[in-house]
Structures are given as C-alpha cells and as structure tokens.
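First comes the structure, then the notes that go with it.
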Amino acid sequence: MKKLHLVSNAHLDPAWLWRWNEGLAEAISTFRVAADFCEEYDGYIFNHNEALLYEWVEEHEPALFTRIQKLVKEGKWNIIGGWYLQPDCVMTSGESLLSQISLGRKYFKEKFGVEPKIAMNVDSFGHTRGLVQILNKTGFEAYLSKRPEWLAGSFLWRGFDASTIPVHSLYDGYGSLKGEAVKKINEHFGHGPEREESMCMWGIGNHGGGASREDLEQIAQRMKVGDIEMLHSTPEAFFASLDRTKLRTVSESLISSMVGCYTSMVRMKQAHSKLECQIAMTEKIMSYAALSTDADYDADELLKAKKAIAFCQFHDVLPGSGIKMVEEDGLRTMAYASEICDKLFTKAFFKLCQGQKKGNRKEIPVMLFNPHPYPVEGDFEMSFMLEDQNWNEGQKTVATVYDKDGNDIPSQNEKPNCTFNLDWPQKVSFHATLAPASISRFDCRLEVKNKEDLPVFEYPSDKIEVANEQVTMSVDRKTGLFSFAANGKTLVENGGALEYYRDCEDAWAMTTDNFRQHLATFELMSDAEACDFVGYPDDKTPNVRVVEDGDVRTKVQAFFKYNRSTAMVEYTMPKHSNYMDVDILVFSGEPNKMLKYHIDTTFSGVPVGETAFGREELFHDEREAVYHKWCGIHNAENRVYVINKGTHGGSFTDHSMKISLLRTPIYSAHTIGPRQLAPHDRWCDHMDMGERRFSFRITADTHIDRAAQAFNEEPFALSFFPSGEGQRPDTAITLDNERILLSSMRKTDNGYQVTLYNTTIKPETVHVSIPTLGYDETLEFGRYELKILDI
C-alpha cells in the first residue's frame, strides 16, 4: 500500500490582513485548541513552528505554555522548522537568515529542549540558493517549502558552494478548509506524487485554526478503509523515508513567485535594508569597543532590535502583501529597532574616540568610524556648527580639511542639512582614505572669505562633465540623462530614463512574471516648469542645474514630469572616485502602475545580481528578477553595476537594466480567479503614491561586493572635541583579500563570533588578524564558502 504521512498544522500569519495583536490573539486560541486535541485524541500529533508565536503564548497565557511543554515531551506536539518565523527568503540577507535560525534555535532549545532538523518555509515567495549552504552550516538535514509551484515534489537542492540538501516542495499546499481534510487526502495522490510514500499537510490555516473535531473524526473513519496506510505524523518521519540517491538535482534559486512583492511597499524594503546594515555596524563597533576599551557589550538591548527586524522580515510584511496598517506597524517597529542601534552605536563610538588628542583653536576635529576590516577610500561629509554666528551677509566661512599628518586633502563647503541663511551651520565634503576597523581623525581649519571671491560655476552648452583617472561622467543638458565611462570605454550613454509600465491592483502580481508593457517615459521639464516645481516660478535657473561644485564633487539636479507624476534626479559626480551616485525623488501620482529606472549598456553581457552569500545570473528576457545590494551586466571585458539601498526588483536583457522603483497596487488586493479585484465605486488606498526616494551608485568596480558593502554600511562621521585622555584603540580586525567579506562580528559568552564569506566562485585565501585577541590566521575558502568562527 501507499503510505501517507498526515501532518496536522495551523498556518498562522502573525500579520497580514490583520495587525500583529490580532495575530497574537489567534495564536493563543489556535494553540489552546491544538493542546485540547493532543490531550484528547490518541495518536494525534500537532506540528507547529515559529518561535515568535510560542513567545506570545508564554507571555500572555503561561498555563497553556506549560501544557505545550508537557505535550512536546510526550511526543504529541512536534516543533517543526525551528526558526523565529517564516521570513521572506529572497530579499533578506544571508546574515539575517542566520539570525532567524539562531533566534529560533536558542528559544526552542532553552524552552523545550529540542533542536528541529527540518527547516520549513512553506509560504515564503521563493527561496534564495544561498539557503542551501546556510542550512547545511547550521545543522539542518532537509527543507520543506511550497513555492514556486512548478517545482513541486522532492529534489536535491545544490547551493553556491556545491553542497546539497533534500527539499520537499508541497504539491497541494499546507492546509485545508474546515471539514475538507479528507477531501484533500483523497485527492492528494492525484496531484502527482511519484513515490509510494508521501506527505499531506492539513489543518485550517492563514489565520490559524488547525484541526477541527469534524476533520479528526472523518480522518479516523478514512484510516479504517485500508487502501492507503495513513498515520498522524511529522515532516521528520517523512524525510527519513527519502532516498537521496533517487532525487533529481536543482541548482538555482527557487523562483519566481509573486514577483510584485520584490517591489511592493518600497519604504518597508528600504527601511529593512538600512536596518540590516545598521545592526551589522552596531555589532561591529560594539565588538571593537569591547575589545580595546572598558565598554560594555549590551547584548540584551541589541537582541530587542534583532527580534524587531526579524518580525518585519515575515513573508507578508517585508514583501508588502499586508494591509496598510501592517505597513505602518512595520515602519514603526523598524524605527524602534533603529533607535536602539543608534544609542548603542553612539555609546561605543565615543569609547573608540578615547586617546585622540585635543582639538586646536580655530579647528574642528572630526572622527570617522570605518566598520570594515579594510581601508575605505571615498568622499565623506560632515556637519558642524561654528563657535559663533557670522552675521556679515557678504562673508562665508570656508573649511579646509587636514588628515592626521597635517596634509590638506580635497574638500569643499556645501549647503548644510538645514536651510538657514546664516554663516553658522556648516557641511563639508572631503576625499580621504579611512583606516580599517577603527576611528580616523581629521581636522577642519576655518577661514572667513568674501562671497564675491568664491568661484562661480559656468555652464557648458551641451553637457556637464566630470572626469578623473578612473571614470568619466556627464549629464546631458538637453535630456537630463547620464553617460558613464570607465578606463576610456563608454559603458552607458544617455541612461537613466524614468518609465511607467502596465501593472494592476494585485499587491502580489500573482498572475504574471513580468512587467514588459511600456506605457510612458518621463520627459525633462522646461526651465520655467523646473523653477515653478521648486517653488520659484520667476527664477531663471536651468532645468539641469549645478547645485554643488568644488574640489571634491559636482552635484547636478534635473527635473522630469509625466501626467500627475514628477521627479527630481540628483547626480553626484566625484572628482577622485570610481563611481557616480544617483538620488531620485519621485512624486508618484499614477495608480496601478510600475515605475522603472532604465539604463542601457553599450555592450552585451550577462545580467547578474547579489543574493544571500552568493551571486547568480538573472533572467535576461525581462522576466522580473530579484537581487540584494547590487545588480549589473558584465562580460569578460566590460561591466556596469548598480548598487542600491533597498531596491530589489528589476528586469534585464543582455544590454538593458530596468530597475523597479515602485508599484502602486491596492493594499492586499488579491487575485481570486475571475473575480473583480477591488470595488470600482470608491477610492481604495494604493501603495507608494506620493513622495518616495531612491539611492543608487553606478560603478565598474571589479570588487563589486566590497563596494556594495561600503556603500550600504557607510562610515560614520561626527564632529567631536576629545578630552585627550585614555589610550587610542588600534585597528580591531583586518582582512587582506578583497574577495572575502566580514559579514558580522559579535561578542559571545565565550569570546567573539566572526562571520566571513567568499564572494567568488574561485577558492580564496585570506589572512585574518585580530591583534587584541591574539588571533592571526590564514584561512582557505572554497567557492562562495561561508565560515562562522568562534574565537
């Protein structure tokens, strides 16, 4: 007879079409009913994952929690998955996926004495290939998934590092309607399970529920028929029956699924990406301070931030498929976590500033923290206040920046962050190289000059261009678009058009895998329209205008329009660096549309993007693709990469990148067969209407992973007058290979944990030095290998 493992569960989204507190209430109700059935029905096993839900029950109904602990010991309640929750698995970084595992594993081990070996994300919208190595390195033996549906069945999943793990992708979903469990069981083998032994998950789900008395009694009767051997079971029992030698092999990310979710609720994605980097920087600076000073390492406070971001990585929160209140809750939760990190970071920063010499009169000391174990060269900016207000309207205080050896370096004054027409608040940009994993000291010397003696930018007739030894960048004054060349080769010419594409109300875009249908392109405003847009219609400033220019960089703003939407694009062209920054301000006014940023290359190549602890080729037929901090097109001779800050979707060909900025569907509008998605007789809230901002860096840097890390985990600058007391901390950690990155460093109960990974397909060697710990080792890395060191 065929054998069927019946896995009773209750899929429960902590937040989706409801807020988190309703999810909490349902978790308590679902777990209470499940406990009742486990105690009443012999042989019945309830399966559930997600440490978050157990935390809620422990806090709000401790007596029920105690019952569940007893049921787990008796084998009547099986904890599956073992993660904190079921997160998004295509946009979440490798470090965050490790944290999801760590948070869940620690909780279940401490509270239940169990360590699940079958990871489970059955409702996530795709799975990065980087998960294979993560699962293997963290002790998992198999993986249970569902999407994408075309991969249904059992297979071996091969990771970037060539390791494999068995996967079962569900044929027929993870739940059943009330009273229809037997119907699902009867239909199960008709869905095509190729083996004699299979698994069927059942139970009311999404808003919790689990088993019902009606279903349990009907299943008991169905078991008596005898044509199929059925038993209440667990995923562990099913996977134990798999013969790995007979499984097909899949060597790619498990995508695509719900491609609109790569872009929906863009503010959630941007806040999440920023917070991921902020947590990484906070852990690093706290570790460096603890290594070399008497600083405390407040792991308990940082844990609050880690749990907050873990919640926001849930597969209906970060992907943007929840209701508007879920978006608001998510942004607030991440702001809470950001505030925690900000305070911890600042405390450690001041500890690392000890031993710096006192500032001199008429000078402003500036401290820059570099979190990376390698020198970072680039343009940095700092803000400070003059010691007194200069009310002479014809004068301007100018700062010159000097390094620690007293050498003046390229610097320029720019408009302060505030709009205050008084010579008092200051902002200065400068080009410098920062020492690795430490504080670098710079000093600003001040001089008062007459404004009439300051240089004035003169506009060329056709384009505004900046060239240095590495790159040439320009902005066309007739189109407002940019060109970019590296090593004498033009790579992009007139790139950066803003374009609208056809979309729909569906927040997931679940019935398509692309947004190919072009509708319109933004056009450059006239001079008069641009002046009116900025609020001064009588002004005569051109539509493509220089707003900053000096020894460090030139900043250009260009203004665009389409129908009810407008945009300002600011180009920052450095005079000593190998990149160009693009910041886009959009006022989005078109419902049910997709907005993309279109860059064509002058050469043909392979589209590629970063994912969790790896990189992979992206679709090159304009199907929507997903990536992490960067995407690009390259071949053996040429390359152009676009680094982002929380923009994860795009479509590509061999010479075109269309980066998905935002889409404007209706919140949680869900395709249900041929039914109308939303009422047409009223206004429904649409996502991402109004003001949105985006930041990108265009580069041809051969070490793109390091460049993307430095752009996202930016060195921190602060004007600070040190006491001169104490001993100056040395560099905390160094790596001597550009292809090996430090993902994280944190203090543990027994020392420090350091996570490193190889960003390439080739084997690499790196020398790691942590002088304070006496750690000085040369490590060998395989292809895309992840190493977690406990020192």
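To be explicit about the labels: the chains of the structure tokens are called A, B, and onward in the order shown, and within each one the residues are counted from 1, while ligands get numbers from 1 in the order they are shown.
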If we count only C-alpha atoms and set the cut-off at 8 Å, which residues sit around Lys629 (chain A), ignoring sequence neighbours fewer than 3 positions away in its own chain? Please answer as a compact mmCIF listing (two decimals) with all heavy atoms, in the first residue's frame.
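Written out: out.txt:
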# COMPACT_ATOMS: atom_id res chain seq x y z
N GLU A 610 23.47 40.14 -6.71
CA GLU A 610 23.86 39.55 -5.42
C GLU A 610 22.65 38.89 -4.77
O GLU A 610 21.52 39.36 -4.89
CB GLU A 610 24.39 40.63 -4.48
CG GLU A 610 24.87 40.09 -3.14
CD GLU A 610 25.01 41.17 -2.07
OE1 GLU A 610 24.16 42.08 -2.02
OE2 GLU A 610 25.98 41.10 -1.29
N THR A 611 22.91 37.78 -4.08
CA THR A 611 21.91 37.16 -3.23
C THR A 611 22.59 36.74 -1.94
O THR A 611 23.71 37.16 -1.66
CB THR A 611 21.21 35.99 -3.94
OG1 THR A 611 20.15 35.50 -3.12
CG2 THR A 611 22.16 34.88 -4.29
N ILE A 643 24.51 49.69 -7.54
CA ILE A 643 24.36 49.38 -6.13
C ILE A 643 23.14 50.13 -5.61
O ILE A 643 22.92 51.29 -5.98
CB ILE A 643 25.61 49.78 -5.33
CG1 ILE A 643 26.87 49.18 -5.97
CG2 ILE A 643 25.50 49.33 -3.89
CD1 ILE A 643 28.17 49.67 -5.36
N ASN A 644 22.35 49.50 -4.77
CA ASN A 644 21.11 50.11 -4.30
C ASN A 644 21.08 50.17 -2.78
O ASN A 644 21.93 49.60 -2.09
CB ASN A 644 19.90 49.33 -4.82
CG ASN A 644 19.81 47.94 -4.19
OD1 ASN A 644 19.40 47.79 -3.03
ND2 ASN A 644 20.22 46.92 -4.92
N LYS A 645 20.07 50.85 -2.26
CA LYS A 645 19.78 50.88 -0.83
C LYS A 645 18.32 50.48 -0.61
O LYS A 645 17.47 51.30 -0.30
CB LYS A 645 20.06 52.25 -0.25
CG LYS A 645 21.54 52.60 -0.19
CD LYS A 645 21.81 53.87 0.58
CE LYS A 645 23.31 54.11 0.73
NZ LYS A 645 23.62 55.33 1.50
N GLY A 646 18.04 49.20 -0.82
CA GLY A 646 16.70 48.69 -0.56
C GLY A 646 15.80 48.62 -1.77
O GLY A 646 14.57 48.68 -1.63
N THR A 647 16.37 48.47 -2.97
CA THR A 647 15.60 48.28 -4.20
C THR A 647 15.96 46.92 -4.75
O THR A 647 17.11 46.69 -5.12
CB THR A 647 15.92 49.38 -5.23
OG1 THR A 647 15.65 50.66 -4.65
CG2 THR A 647 15.08 49.20 -6.48
N HIS A 648 15.00 45.98 -4.81
CA HIS A 648 15.34 44.58 -5.03
C HIS A 648 14.80 43.97 -6.32
O HIS A 648 15.15 42.82 -6.62
CB HIS A 648 14.85 43.76 -3.85
CG HIS A 648 15.46 44.14 -2.55
ND1 HIS A 648 16.82 44.12 -2.32
CD2 HIS A 648 14.90 44.57 -1.38
CE1 HIS A 648 17.07 44.51 -1.08
NE2 HIS A 648 15.93 44.80 -0.49
N ALA A 708 29.67 47.44 -2.68
CA ALA A 708 28.27 47.49 -2.22
C ALA A 708 28.19 47.51 -0.70
O ALA A 708 27.34 48.20 -0.12
CB ALA A 708 27.50 46.31 -2.79
N GLN A 709 29.07 46.76 -0.05
CA GLN A 709 29.08 46.76 1.41
C GLN A 709 29.45 48.14 1.95
O GLN A 709 28.83 48.66 2.87
CB GLN A 709 30.06 45.71 1.94
CG GLN A 709 30.05 45.57 3.45
CD GLN A 709 31.06 44.57 3.96
OE1 GLN A 709 32.24 44.62 3.61
NE2 GLN A 709 30.61 43.63 4.79
N ASN A 712 26.55 50.65 1.55
CA ASN A 712 25.41 50.43 2.44
C ASN A 712 25.79 50.55 3.91
O ASN A 712 25.01 51.07 4.70
CB ASN A 712 24.79 49.06 2.16
CG ASN A 712 23.85 49.07 0.98
OD1 ASN A 712 22.66 49.33 1.13
ND2 ASN A 712 24.38 48.83 -0.22
Those in region 336-486 of chain A with helix (DSSP H, G or I) from DSSP, as a count of residues only: 20
Which of A:Lys478, A:Lys396, A:Lys324, A:Lys593 sits closest to Asn421 (chain A) [using only C-alpha atoms]: A:Lys396
Per-residue nearest contacts region 19-131 of chain A to region 752-759 of chain A, cut-off 12 Å, using only C-alpha atoms, as CSV:
residue,atom,partner,partner_atom,distance
A:Gly94,CA,A:Tyr757,CA,10.2
A:Glu95,CA,A:Thr755,CA,8.6
A:Leu98,CA,A:Thr755,CA,10.2
A:Ser99,CA,A:Thr755,CA,11.8
A:Gly130,CA,A:Tyr757,CA,11.5
Each residue of region 99-140 of chain A with at least one atom at most 9 Å from region 232-241 of chain A should appear once, together with its nearest atom pair and the corresponding distance in Å (one decimal); atoms considered: only C-alpha atoms; ordering: chain, then increasing residue number; output as CSV.
residue,atom,partner,partner_atom,distance
A:Pro116,CA,A:Glu236,CA,8.8
A:Lys117,CA,A:Glu236,CA,7.8
A:Ile118,CA,A:Glu236,CA,6.6
Go ahead and dump the residues you just picked, N, CA and C atoms, as a PDB file, in the first residue's frame.
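Now in part18.pdb:
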ATOM      1  N   PRO A 116      15.036  21.369  16.134  1.00  0.00           N
ATOM      2  CA  PRO A 116      14.494  20.829  14.879  1.00  0.00           C
ATOM      3  C   PRO A 116      15.554  20.741  13.785  1.00  0.00           C
ATOM      4  N   LYS A 117      15.478  19.682  12.983  1.00  0.00           N
ATOM      5  CA  LYS A 117      16.441  19.464  11.912  1.00  0.00           C
ATOM      6  C   LYS A 117      15.835  19.649  10.520  1.00  0.00           C
ATOM      7  N   ILE A 118      14.513  19.875  10.463  1.00  0.00           N
ATOM      8  CA  ILE A 118      13.843  20.102   9.184  1.00  0.00           C
ATOM      9  C   ILE A 118      13.412  21.558   9.134  1.00  0.00           C
TER      10      ILE A 118
END
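The nearest approach to His272 (chain A) among the residues A:Met223, A:Ile68, A:Leu331, A:Ala625, with only C-alpha atoms taken into account, belongs to A:Leu331.
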Asp581 (chain A) environment, 6 Å, only C-alpha atoms, sequence neighbours closer than 5 positions dropped, as a PyMOL selection string: chain A and resi 571-572+696-697
